[in-house]
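Take a look at the structure below.
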Amino acid sequence: MGCGASRSLTYKAEVENIWDEVQRTLEPKKHKNTGDLVVRRSGWKTIRIFVSSTFKDFHMEREVLIKQVFPDLRQWCESRRLHLVECDLRWGVPKDSTSEETLRTCLGEIDRCYQDNTFPFFLNMTSERCGWIPNQGEVPENVAKEYRWVNGLSLTEMEIMHGAYRKDNPNTLIAIRESDFLKDMPEEIKRENFIDADPIAPEKLKILKMMLKDRFKGERLFKYKCKYNGLDDESGKVVLEGLDGSFSTKVIDFFKKRIAVQYPLENTQLDIYEQEREAHESFMKNRSAIVLGRNDILQTMKDFVTGTAIDVPLVLLGGPGMGKSSIMARAADEAVVQAEQNKIPGGGEHGWHIFYHFVGAIPGSTDLEKMLRRFLKEMKICTDSNMPKDYESAAQLVSGVLSNKNTRPVIIIIDAVNQFDDEKQANLLSWLPRSNLSAHIRVILSMINDTPPHKILNDRLKMPTEVEVTPLDMESRQEIVSEMLGRYNKKLDAQQNLKLLSKESSQNPLWLSIACEELRVYGDFSTVTEKIEELADGLLELLAQVLSRFEQENGGDLLVATLSLLEASNNGLLETELLMILGEEEKLMMPEDYDEMSPKDKDGKYNGMMLSAAKWAVVYRALRPFLRPFGDSGEGRLDFYHRSLSKAVRRKYFLQDDDSDDALCKNIYHWWHSKLANYFQFVQNVDRKVEEYPYQLIKINDKERLCKCLTEWPIFDRLYSEEFSSKLLYYWRKAGGYDTMKDCYIKSLKDLEDLGTTREELALRYEHITRILVQAGLYEPARNLLETLVSIEDDELGARPERMVEVYALCAELWDEIAKMHEFISRDNIKDLRPAIDFGRKSAALRETLEGDVHKYKFAIIMMNLAFNLNVWSDCGGDSTLSPTAAVDEGKEKIEQAISVFKEMDDLGREAEANMTKAILYPRESDEQLEFYQIALEQCQQAYGDNCKLMTRLVSNIGIYYEDSGDYQTAYDYFKRWHEVSVEVFGENHPKTIVAQKCLDEPLYRRIKASREEQ
């Protein structure tokens, strides 16, 4: 046997030994027993497809993937509420990367695929090249241990091992290119780009293909042919023919099928409040994992939860980076466990409910009104049909619930209260009773010292119990350093420990964790002591230092742009959004002569080319410790892990400091907000466009585009609410006011008519715009639109019952609002009450014929409103068509129907309101009036507690009853209670509280007060 044959046998034995080692690293085929993985959908998800192959010989296939396959697949994914990110890391891996950086870049990206998709969507292309085979010295020990490196495998083979082979990944597609195309290729090109020069390569590839065929059967592996067609004239790259059908179609079809299996398209819309709770739960679990040195605080919080009730909240106070969120997350997690095990006393029949909310942790979590709605839904106080329509109503209802002895036992844990949206700061804590928290209610809040919510609580008569998150003691600091560095088998000596922990900022957990991370990645142990000395002693200063290092080592302008874009965003950015914006590298950074006041190009679409995965991997790898995906939804949205980083970015890159150039700072902000505005102007994902585009336009004060944005019907539909469109109206106030809104929408309606829109759709648009005008108080133009709406529905569309009931209800609502504008009850009210009553009757008559709880609830509401308006009609003296007596009789009939429905729907709060309306229908000073007031009072106390909006109306009405009866002492008691409840519900300076105070300031009641004080 010749030497060549002998050497071939040696290669074969060597490769077989390698594969024997591979077989020992395989994992059990769990998915074979459990069936296909199906992931429950809750909103948008991110899908990652990892592309694995050698580089030079698969240039053409990668072109097909990038220009044909992935764009088609991305469009298909978006139709299913999925974001596609292709991970093509071998495209442009920096030449100066160390072997460890290259290995971690490739294998670390597969880790991200596991994290986001459980089983990566993995595409491998194999032909006649093995690629780089690192020798044992090129694979660092920590990498070898972490990824179970098998010596002798190429990097491409290790990608296959890690992403597909070991777990028998069902989402794996292996594409083996047959070698027939090589026979027509010039030898020089073949040797340089398509044939591996390593003598072991043929044997490696032979066994690799054999093992892949054995492991990935059926549709998970296919072979394809192509033809050599010379070189491209411009690039000089090899051109291969025949990839469109045999290759691209199979790739698209396979991943469509696997994605559809793992992420099936949901037919039903998941409850938005449940989605939010799941995301907060994910944040809680993540942040509570490691909490060191805070046992005393956690015990205090545990005692507060399980101990004797007190009627004030517990407030956790501390500066930025002191670890409040981790403590709150741990406290919430422990409370959930204790509640599930019935270890918290006083839970009664149903046990304790734990409500937790981490402000800033997920998109929309800074919206206080949204949080209150979620609380009311979780506590089963409200359904979608009777949810409060604005913040004030929601806050007042929650306040009543928390002071109500009949409320289910609940522990409320809210982190970072000071980070709620600024627009609610004035009434930030109006939902929290000023006193008399119910005995089975516990409220735990965290905030930074001396922020507005802290000052609001300290101004109350009953101040909260405060727990200060103090700086870490030395023992706790040492524990954190040992824990963080020990994970990576690193340790400081005694002198280094002393140098690190003697820095004043080491008392801050965030500073200490960042410092440990800086030391962990520092490569030269011999100079670690000097590195410790160089660490800036201050949280923002250390962050600035870290960011400077990142700039130098990890992407330069790309890193700066990523941080700046995240800071300028409203609620973080999807990774796909960042990649698209960063893709225009040549236009990324602000020119030196940029001026926010100069004319701008507002219509420049992005070119559609994403930043290469390799470049993004470098940036992401550096920033990963400081970024968080929101919740565990897999949506792929990124934002800062801690607000201190946001502050550091503003100081370093936006020059937001006391000594900075204000004009330059404004230009920088304008540049990045404009970048985002220009991007989101053309985004097709309406949810994301609504979230970011109006916000960015407000930031750059672009009222023209804001008006256009708000008149786009998909945007309008997301912001419109039948009850009250608070966000839409807020944006219009920023866009120029309600008159501007009116003019824009009237023009939009005319444009729809000119376009030949169907009359059905046009009628629906008229209804929605009319409602918006009513909500904005523009009653006259609303009346004009209503006339057109009635004409379309009645004359052209055949007066469809399901549509006319809404039209009549809208007419009744409009005239009801107009009638309420009269300051006093007089004959003048009649002309406005007449249409309110007539349309209310029509709506009720139709509503009664329609099925479903929503129609039933709306029927009861309009009957209650009718009863009230009929009583006002009676007080106005009626007319020849409806006498005062007949109006009252009809009102009593209507209110009984409303009460019957509310009883059937088990809505005690609305039943109480209906009984109050019923009392009003009886003669003043009558026994019947007092009887129903008392019934309503007891029901209100049971449903909402003593401190709620309805209670203010009830006690004032009862006070008027006793005043009419001449019992001024009892009247004074109710008026006094009216004022006390108003203070609790509305606050000291609210107009409604001032009215109650004016009543008490009347001479008669001042004398009664003085007389009682003398006694």
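Ligands are numbered from 1 in the order shown, chains are lettered A, B, ... in the order of the structure tokens, and residues start at 1 in each chain.
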
Mind checking DSSP for region 617-848 of chain A and telling me the strand (DSSP E) residues as an MDAnalysis selection string? chainID A and resid 627:629 637:640

Writer output for current selection, N, CA and C atoms, as an mmCIF file, in the first residue's frame:
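As a result, result-v4.cif now contains:
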data_model
loop_
_atom_site.group_PDB
_atom_site.id
_atom_site.type_symbol
_atom_site.label_atom_id
_atom_site.label_comp_id
_atom_site.auth_asym_id
_atom_site.auth_seq_id
_atom_site.Cartn_x
_atom_site.Cartn_y
_atom_site.Cartn_z
ATOM 1 N N LEU A 627 -28.319 46.475 28.351
ATOM 2 C CA LEU A 627 -29.586 46.487 27.632
ATOM 3 C C LEU A 627 -30.474 45.385 28.172
ATOM 4 N N ARG A 628 -31.759 45.601 28.056
ATOM 5 C CA ARG A 628 -32.684 44.538 28.427
ATOM 6 C C ARG A 628 -33.738 44.394 27.331
ATOM 7 N N PRO A 629 -34.019 43.146 26.962
ATOM 8 C CA PRO A 629 -35.244 42.947 26.191
ATOM 9 C C PRO A 629 -36.407 43.156 27.139
ATOM 10 N N ARG A 637 -37.475 43.882 21.548
ATOM 11 C CA ARG A 637 -37.312 45.308 21.798
ATOM 12 C C ARG A 637 -36.205 45.529 22.830
ATOM 13 N N LEU A 638 -35.370 46.520 22.589
ATOM 14 C CA LEU A 638 -34.233 46.799 23.468
ATOM 15 C C LEU A 638 -34.379 48.174 24.102
ATOM 16 N N ASP A 639 -33.906 48.275 25.333
ATOM 17 C CA ASP A 639 -33.839 49.573 26.012
ATOM 18 C C ASP A 639 -32.813 49.460 27.120
ATOM 19 N N PHE A 640 -32.517 50.583 27.774
ATOM 20 C CA PHE A 640 -31.508 50.573 28.828
ATOM 21 C C PHE A 640 -31.987 49.766 30.030
#

Find the residues near region 552-568 of chain A: any atom within 7 Å, counting only C-alpha atoms, skip ones fewer than 4 places away on the same chain, and give them as a count of residues only. 12

Can you check which residues of region 741-980 of chain A DSSP gives as helix (DSSP H, G or I) on the backbone and send them as a ChimeraX atom specification? /A:741-754,759-775,779-796,801-819,827-847,853-875,884-904,908-920,927-944,949-964,968-980

Please identify all polymer residues within 7 Å of region 962-974 of chain A, counting only C-alpha atoms, omitting same-chain residues fewer than 5 positions from it, and present them as a PyMOL selection string. chain A and resi 925+955-956+1005

Residues from the last selection, C-alpha atoms, saved as a compact mmCIF listing (two decimals), in the first residue's frame:
# COMPACT_ATOMS: atom_id res chain seq x y z
CA GLU A 925 -88.01 65.56 51.66
CA VAL A 955 -73.51 62.35 50.75
CA SER A 956 -74.00 65.79 49.17
CA TYR A 1005 -72.86 75.80 58.92

Go through A:Ile698, A:Ala663, A:Ala361, A:Val251 and flag the residue nearest His280 (chain A), using only C-alpha atoms for the distances.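 Checking each candidate against His280 (chain A), we get A:Ala361 as the closest.
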
Name the closest residue to Lys380 (chain A) among the candidates A:Leu728, A:Trp815, A:His353, A:Ile362; distances are taken between atoms, counting only C-alpha atoms. A:His353

If you count only C-alpha atoms, which residues fall within 8 Å of Asp816 (chain A), apart from same-chain ones fewer than 6 positions away, as a list of chain:residue names? A:Asp832, A:Leu833, A:Ala836

Contacts of Glu533 (chain A) at 10 Å or less, counting only C-alpha atoms, minus same-chain residues fewer than 2 places along, as a count of residues only? 11

So that I can check the surroundings of region 387-399 of chain A, please list as a short mmCIF file (atom, residue, chain, number, x, y, z; two decimals) with all heavy atoms, in the first residue's frame every protein, DNA and RNA residue that reaches within 10 Å of it, counting only C-alpha atoms and ignoring chain neighbours fewer than 5 positions away.
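Saved to around.cif:
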data_model
loop_
_atom_site.label_atom_id
_atom_site.label_comp_id
_atom_site.auth_asym_id
_atom_site.auth_seq_id
_atom_site.Cartn_x
_atom_site.Cartn_y
_atom_site.Cartn_z
N ASP A 367 -47.24 54.59 31.96
CA ASP A 367 -48.59 55.16 31.84
C ASP A 367 -49.40 54.77 33.07
O ASP A 367 -49.82 53.62 33.21
CB ASP A 367 -49.25 54.64 30.56
CG ASP A 367 -50.59 55.31 30.28
OD1 ASP A 367 -51.27 55.74 31.24
OD2 ASP A 367 -50.98 55.38 29.10
N LEU A 368 -49.62 55.72 33.97
CA LEU A 368 -50.29 55.45 35.24
C LEU A 368 -51.74 55.01 35.03
O LEU A 368 -52.23 54.10 35.70
CB LEU A 368 -50.22 56.68 36.13
CG LEU A 368 -50.86 56.60 37.51
CD1 LEU A 368 -50.36 55.39 38.29
CD2 LEU A 368 -50.58 57.88 38.30
N GLU A 369 -52.43 55.67 34.11
CA GLU A 369 -53.82 55.30 33.85
C GLU A 369 -53.93 53.84 33.38
O GLU A 369 -54.82 53.10 33.80
CB GLU A 369 -54.41 56.23 32.78
CG GLU A 369 -55.87 55.95 32.46
CD GLU A 369 -56.42 56.86 31.37
OE1 GLU A 369 -55.83 57.95 31.15
OE2 GLU A 369 -57.42 56.48 30.74
N LYS A 370 -52.99 53.43 32.55
CA LYS A 370 -52.97 52.06 32.05
C LYS A 370 -52.76 51.07 33.19
O LYS A 370 -53.38 50.01 33.23
CB LYS A 370 -51.85 51.93 31.00
CG LYS A 370 -51.94 50.71 30.11
CD LYS A 370 -50.85 50.81 29.05
CE LYS A 370 -50.90 49.62 28.09
NZ LYS A 370 -49.81 49.70 27.09
N MET A 371 -51.88 51.43 34.13
CA MET A 371 -51.64 50.56 35.28
C MET A 371 -52.90 50.41 36.13
O MET A 371 -53.24 49.31 36.58
CB MET A 371 -50.51 51.11 36.15
CG MET A 371 -50.15 50.18 37.31
SD MET A 371 -49.36 51.01 38.70
CE MET A 371 -50.77 51.82 39.46
N LEU A 372 -53.61 51.53 36.36
CA LEU A 372 -54.82 51.48 37.17
C LEU A 372 -55.88 50.61 36.50
O LEU A 372 -56.61 49.86 37.17
CB LEU A 372 -55.35 52.89 37.41
CG LEU A 372 -54.44 53.83 38.21
CD1 LEU A 372 -55.09 55.20 38.38
CD2 LEU A 372 -54.10 53.25 39.58
N ARG A 373 -55.98 50.71 35.19
CA ARG A 373 -56.95 49.87 34.47
C ARG A 373 -56.59 48.39 34.64
O ARG A 373 -57.47 47.54 34.82
CB ARG A 373 -56.95 50.23 32.98
CG ARG A 373 -57.59 51.57 32.65
CD ARG A 373 -57.34 51.91 31.19
NE ARG A 373 -57.88 53.21 30.83
CZ ARG A 373 -59.04 53.39 30.21
NH1 ARG A 373 -59.77 52.35 29.88
NH2 ARG A 373 -59.46 54.59 29.90
N ARG A 374 -55.31 48.07 34.58
CA ARG A 374 -54.89 46.68 34.75
C ARG A 374 -55.23 46.20 36.16
O ARG A 374 -55.69 45.06 36.35
CB ARG A 374 -53.38 46.53 34.49
CG ARG A 374 -52.89 45.08 34.65
CD ARG A 374 -51.50 44.91 34.06
NE ARG A 374 -50.47 45.56 34.84
CZ ARG A 374 -49.83 44.96 35.84
NH1 ARG A 374 -50.13 43.72 36.19
NH2 ARG A 374 -48.88 45.60 36.50
N PHE A 375 -55.03 47.05 37.15
CA PHE A 375 -55.38 46.70 38.53
C PHE A 375 -56.88 46.39 38.65
O PHE A 375 -57.28 45.38 39.23
CB PHE A 375 -54.98 47.82 39.47
CG PHE A 375 -55.45 47.61 40.90
CD1 PHE A 375 -54.78 46.74 41.74
CD2 PHE A 375 -56.58 48.27 41.38
CE1 PHE A 375 -55.22 46.53 43.05
CE2 PHE A 375 -57.02 48.07 42.66
CZ PHE A 375 -56.35 47.20 43.51
N LEU A 376 -57.70 47.26 38.09
CA LEU A 376 -59.15 47.07 38.17
C LEU A 376 -59.58 45.79 37.46
O LEU A 376 -60.50 45.10 37.90
CB LEU A 376 -59.87 48.28 37.57
CG LEU A 376 -59.73 49.59 38.35
CD1 LEU A 376 -60.23 50.78 37.54
CD2 LEU A 376 -60.48 49.51 39.68
N LYS A 377 -58.90 45.46 36.35
CA LYS A 377 -59.23 44.24 35.62
C LYS A 377 -58.79 43.00 36.41
O LYS A 377 -59.54 42.03 36.52
CB LYS A 377 -58.55 44.28 34.25
CG LYS A 377 -59.01 43.19 33.29
CD LYS A 377 -60.42 43.45 32.81
CE LYS A 377 -60.89 42.39 31.81
NZ LYS A 377 -60.16 42.46 30.53
N ILE A 381 -62.86 44.21 39.31
CA ILE A 381 -63.72 45.34 39.64
C ILE A 381 -64.44 45.82 38.39
O ILE A 381 -65.60 46.22 38.43
CB ILE A 381 -62.90 46.50 40.26
CG1 ILE A 381 -62.11 46.03 41.48
CG2 ILE A 381 -63.80 47.67 40.61
CD1 ILE A 381 -62.95 45.54 42.63
N CYS A 382 -63.73 45.77 37.26
CA CYS A 382 -64.29 46.27 36.00
C CYS A 382 -64.07 45.26 34.89
O CYS A 382 -63.13 44.46 34.93
CB CYS A 382 -63.63 47.60 35.60
SG CYS A 382 -63.97 48.97 36.70
N ASN A 404 -62.14 50.19 50.74
CA ASN A 404 -63.37 49.41 50.91
C ASN A 404 -63.08 48.12 51.66
O ASN A 404 -62.25 47.31 51.25
CB ASN A 404 -63.96 49.09 49.53
CG ASN A 404 -65.30 48.40 49.61
OD1 ASN A 404 -65.81 48.14 50.70
ND2 ASN A 404 -65.86 48.08 48.47
N LYS A 424 -48.78 63.20 34.42
CA LYS A 424 -49.65 62.82 35.54
C LYS A 424 -49.06 63.23 36.89
O LYS A 424 -49.61 62.88 37.94
CB LYS A 424 -49.87 61.31 35.53
CG LYS A 424 -50.56 60.76 34.28
CD LYS A 424 -52.04 61.07 34.28
CE LYS A 424 -52.81 60.27 33.23
NZ LYS A 424 -52.28 60.27 31.90
N ASN A 427 -51.22 64.77 39.83
CA ASN A 427 -52.18 63.89 40.51
C ASN A 427 -51.64 62.47 40.59
O ASN A 427 -52.39 61.50 40.53
CB ASN A 427 -53.52 63.90 39.77
CG ASN A 427 -54.11 65.29 39.70
OD1 ASN A 427 -54.26 65.95 40.72
ND2 ASN A 427 -54.44 65.73 38.50
N LEU A 428 -50.33 62.37 40.76
CA LEU A 428 -49.65 61.08 40.66
C LEU A 428 -50.18 60.04 41.63
O LEU A 428 -50.26 58.85 41.32
CB LEU A 428 -48.15 61.30 40.89
CG LEU A 428 -47.24 60.09 40.70
CD1 LEU A 428 -47.35 59.55 39.29
CD2 LEU A 428 -45.80 60.47 40.99
N LEU A 429 -50.55 60.46 42.83
CA LEU A 429 -50.97 59.51 43.86
C LEU A 429 -52.42 59.73 44.29
O LEU A 429 -52.81 59.36 45.39
CB LEU A 429 -50.04 59.61 45.08
CG LEU A 429 -48.61 59.12 44.83
CD1 LEU A 429 -47.70 59.48 45.99
CD2 LEU A 429 -48.59 57.61 44.58
N SER A 430 -53.22 60.31 43.39
CA SER A 430 -54.63 60.53 43.74
C SER A 430 -55.39 59.22 43.87
O SER A 430 -56.46 59.18 44.47
CB SER A 430 -55.30 61.43 42.70
OG SER A 430 -55.23 60.83 41.41
N TRP A 431 -54.84 58.12 43.33
CA TRP A 431 -55.47 56.80 43.44
C TRP A 431 -55.25 56.17 44.81
O TRP A 431 -55.93 55.20 45.17
CB TRP A 431 -54.93 55.86 42.36
CG TRP A 431 -53.44 55.68 42.44
CD1 TRP A 431 -52.50 56.45 41.83
CD2 TRP A 431 -52.73 54.70 43.20
NE1 TRP A 431 -51.24 56.02 42.15
CE2 TRP A 431 -51.35 54.95 42.99
CE3 TRP A 431 -53.11 53.66 44.04
CZ2 TRP A 431 -50.36 54.16 43.58
CZ3 TRP A 431 -52.12 52.88 44.63
CH2 TRP A 431 -50.77 53.14 44.41
N LEU A 432 -54.29 56.67 45.57
CA LEU A 432 -53.95 56.09 46.87
C LEU A 432 -54.65 56.86 47.97
O LEU A 432 -54.42 58.06 48.14
CB LEU A 432 -52.43 56.15 47.09
CG LEU A 432 -51.89 55.55 48.38
CD1 LEU A 432 -52.11 54.04 48.40
CD2 LEU A 432 -50.39 55.87 48.52
N PRO A 433 -55.54 56.21 48.73
CA PRO A 433 -56.29 56.93 49.78
C PRO A 433 -55.35 57.67 50.73
O PRO A 433 -54.29 57.15 51.11
CB PRO A 433 -57.03 55.80 50.52
CG PRO A 433 -57.16 54.71 49.51
CD PRO A 433 -55.92 54.79 48.66
N ARG A 434 -55.75 58.89 51.10
CA ARG A 434 -54.92 59.70 52.00
C ARG A 434 -54.93 59.15 53.42
O ARG A 434 -54.07 59.46 54.22
CB ARG A 434 -55.41 61.15 51.98
CG ARG A 434 -55.07 61.85 50.66
CD ARG A 434 -55.89 63.11 50.44
NE ARG A 434 -55.49 63.79 49.22
CZ ARG A 434 -55.81 63.38 47.98
NH1 ARG A 434 -56.54 62.30 47.83
NH2 ARG A 434 -55.41 64.04 46.93
N LEU A 437 -56.61 53.20 54.60
CA LEU A 437 -56.44 52.02 53.76
C LEU A 437 -57.14 50.86 54.46
O LEU A 437 -57.01 50.69 55.68
CB LEU A 437 -54.95 51.68 53.60
CG LEU A 437 -54.19 52.19 52.39
CD1 LEU A 437 -52.74 51.78 52.49
CD2 LEU A 437 -54.79 51.65 51.10
N SER A 721 -60.93 55.82 21.04
CA SER A 721 -61.67 55.06 22.03
C SER A 721 -63.09 55.61 22.10
O SER A 721 -63.28 56.82 22.17
CB SER A 721 -61.02 55.15 23.41
OG SER A 721 -61.87 54.64 24.41
N GLU A 722 -64.05 54.71 22.07
CA GLU A 722 -65.45 55.13 22.13
C GLU A 722 -65.74 55.89 23.42
O GLU A 722 -66.54 56.83 23.43
CB GLU A 722 -66.36 53.91 22.02
CG GLU A 722 -67.85 54.26 22.03
CD GLU A 722 -68.72 53.03 21.90
OE1 GLU A 722 -68.30 52.08 21.20
OE2 GLU A 722 -69.81 53.01 22.48
N GLU A 723 -65.09 55.47 24.52
CA GLU A 723 -65.33 56.12 25.81
C GLU A 723 -64.65 57.49 25.88
O GLU A 723 -65.29 58.52 26.08
CB GLU A 723 -64.83 55.23 26.95
CG GLU A 723 -65.63 53.96 27.13
CD GLU A 723 -67.04 54.24 27.60
OE1 GLU A 723 -67.24 55.22 28.34
OE2 GLU A 723 -67.95 53.49 27.20
N PHE A 724 -63.32 57.50 25.70
CA PHE A 724 -62.59 58.77 25.74
C PHE A 724 -61.20 58.55 25.15
O PHE A 724 -60.41 57.75 25.65
CB PHE A 724 -62.47 59.29 27.17
CG PHE A 724 -61.99 60.72 27.23
CD1 PHE A 724 -62.85 61.77 26.89
CD2 PHE A 724 -60.71 61.02 27.62
CE1 PHE A 724 -62.42 63.09 26.94
CE2 PHE A 724 -60.26 62.34 27.68
CZ PHE A 724 -61.13 63.37 27.34
N SER A 725 -60.88 59.27 24.09
CA SER A 725 -59.62 59.08 23.36
C SER A 725 -58.56 60.03 23.91
O SER A 725 -58.14 60.98 23.26
CB SER A 725 -59.84 59.33 21.86
OG SER A 725 -60.93 58.59 21.38
N SER A 726 -58.11 59.75 25.13
CA SER A 726 -57.24 60.69 25.84
C SER A 726 -55.92 60.93 25.11
O SER A 726 -55.47 62.07 25.00
CB SER A 726 -56.97 60.18 27.27
OG SER A 726 -56.44 58.87 27.23
N ALA A 943 -69.50 48.23 47.35
CA ALA A 943 -68.85 48.09 46.03
C ALA A 943 -67.53 48.83 45.96
O ALA A 943 -66.53 48.30 45.45
CB ALA A 943 -69.78 48.59 44.93
N TYR A 944 -67.50 50.08 46.44
CA TYR A 944 -66.34 50.94 46.24
C TYR A 944 -65.68 51.40 47.54
O TYR A 944 -64.57 51.94 47.50
CB TYR A 944 -66.74 52.20 45.45
CG TYR A 944 -67.34 51.94 44.11
CD1 TYR A 944 -68.44 52.67 43.66
CD2 TYR A 944 -66.82 50.98 43.26
CE1 TYR A 944 -69.00 52.45 42.41
CE2 TYR A 944 -67.37 50.74 42.00
CZ TYR A 944 -68.46 51.49 41.58
OH TYR A 944 -69.01 51.27 40.34
N GLY A 945 -66.36 51.24 48.68
CA GLY A 945 -65.82 51.77 49.92
C GLY A 945 -66.31 53.18 50.19
O GLY A 945 -67.16 53.72 49.47
N ASP A 946 -65.76 53.79 51.25
CA ASP A 946 -66.24 55.11 51.68
C ASP A 946 -65.70 56.25 50.83
O ASP A 946 -66.28 57.35 50.81
CB ASP A 946 -65.85 55.36 53.15
CG ASP A 946 -66.69 54.52 54.10
OD1 ASP A 946 -67.89 54.38 53.85
OD2 ASP A 946 -66.12 54.00 55.08
N ASN A 947 -64.57 56.02 50.17
CA ASN A 947 -63.92 57.13 49.45
C ASN A 947 -63.94 56.86 47.94
O ASN A 947 -63.05 56.20 47.40
CB ASN A 947 -62.48 57.30 49.93
CG ASN A 947 -62.41 57.70 51.38
OD1 ASN A 947 -63.21 58.52 51.84
ND2 ASN A 947 -61.48 57.12 52.13
N CYS A 948 -64.97 57.35 47.30
CA CYS A 948 -65.09 57.18 45.84
C CYS A 948 -65.91 58.34 45.29
O CYS A 948 -66.57 59.07 46.03
CB CYS A 948 -65.73 55.85 45.48
SG CYS A 948 -67.42 55.68 46.05
N LYS A 949 -65.87 58.50 43.98
CA LYS A 949 -66.57 59.60 43.32
C LYS A 949 -68.07 59.55 43.57
O LYS A 949 -68.71 60.57 43.85
CB LYS A 949 -66.26 59.55 41.83
CG LYS A 949 -66.78 60.72 41.03
CD LYS A 949 -66.34 60.59 39.58
CE LYS A 949 -66.82 61.78 38.74
NZ LYS A 949 -66.38 61.65 37.33
N LEU A 950 -68.66 58.34 43.49
CA LEU A 950 -70.09 58.21 43.71
C LEU A 950 -70.48 58.62 45.13
O LEU A 950 -71.54 59.22 45.34
CB LEU A 950 -70.53 56.77 43.44
CG LEU A 950 -72.01 56.45 43.64
CD1 LEU A 950 -72.89 57.33 42.74
CD2 LEU A 950 -72.29 54.97 43.36
N SER A 982 -64.34 64.27 49.42
CA SER A 982 -63.82 65.00 48.25
C SER A 982 -62.32 65.21 48.36
O SER A 982 -61.59 65.10 47.35
CB SER A 982 -64.54 66.35 48.10
OG SER A 982 -65.91 66.16 47.82
N GLU A 984 -60.26 63.26 49.92
CA GLU A 984 -59.66 61.95 49.67
C GLU A 984 -59.66 61.61 48.18
O GLU A 984 -58.67 61.11 47.65
CB GLU A 984 -60.43 60.86 50.44
CG GLU A 984 -60.16 60.83 51.92
CD GLU A 984 -58.76 60.31 52.23
OE1 GLU A 984 -58.26 59.45 51.48
OE2 GLU A 984 -58.17 60.78 53.21
N VAL A 985 -60.77 61.87 47.54
CA VAL A 985 -60.95 61.41 46.15
C VAL A 985 -60.34 62.38 45.14
O VAL A 985 -59.64 61.97 44.21
CB VAL A 985 -62.45 61.19 45.85
CG1 VAL A 985 -62.65 60.86 44.37
CG2 VAL A 985 -63.01 60.08 46.72
N PHE A 986 -60.59 63.67 45.34
CA PHE A 986 -60.17 64.66 44.33
C PHE A 986 -58.91 65.43 44.72
O PHE A 986 -58.21 65.93 43.85
CB PHE A 986 -61.30 65.67 44.09
CG PHE A 986 -62.60 65.06 43.65
CD1 PHE A 986 -63.75 65.17 44.41
CD2 PHE A 986 -62.68 64.35 42.46
CE1 PHE A 986 -64.94 64.61 44.01
CE2 PHE A 986 -63.87 63.78 42.04
CZ PHE A 986 -65.01 63.90 42.82
#

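Counting from CA of Ala812 (chain A), the distance to CA of Phe839 (chain A) is 4.9 Å.
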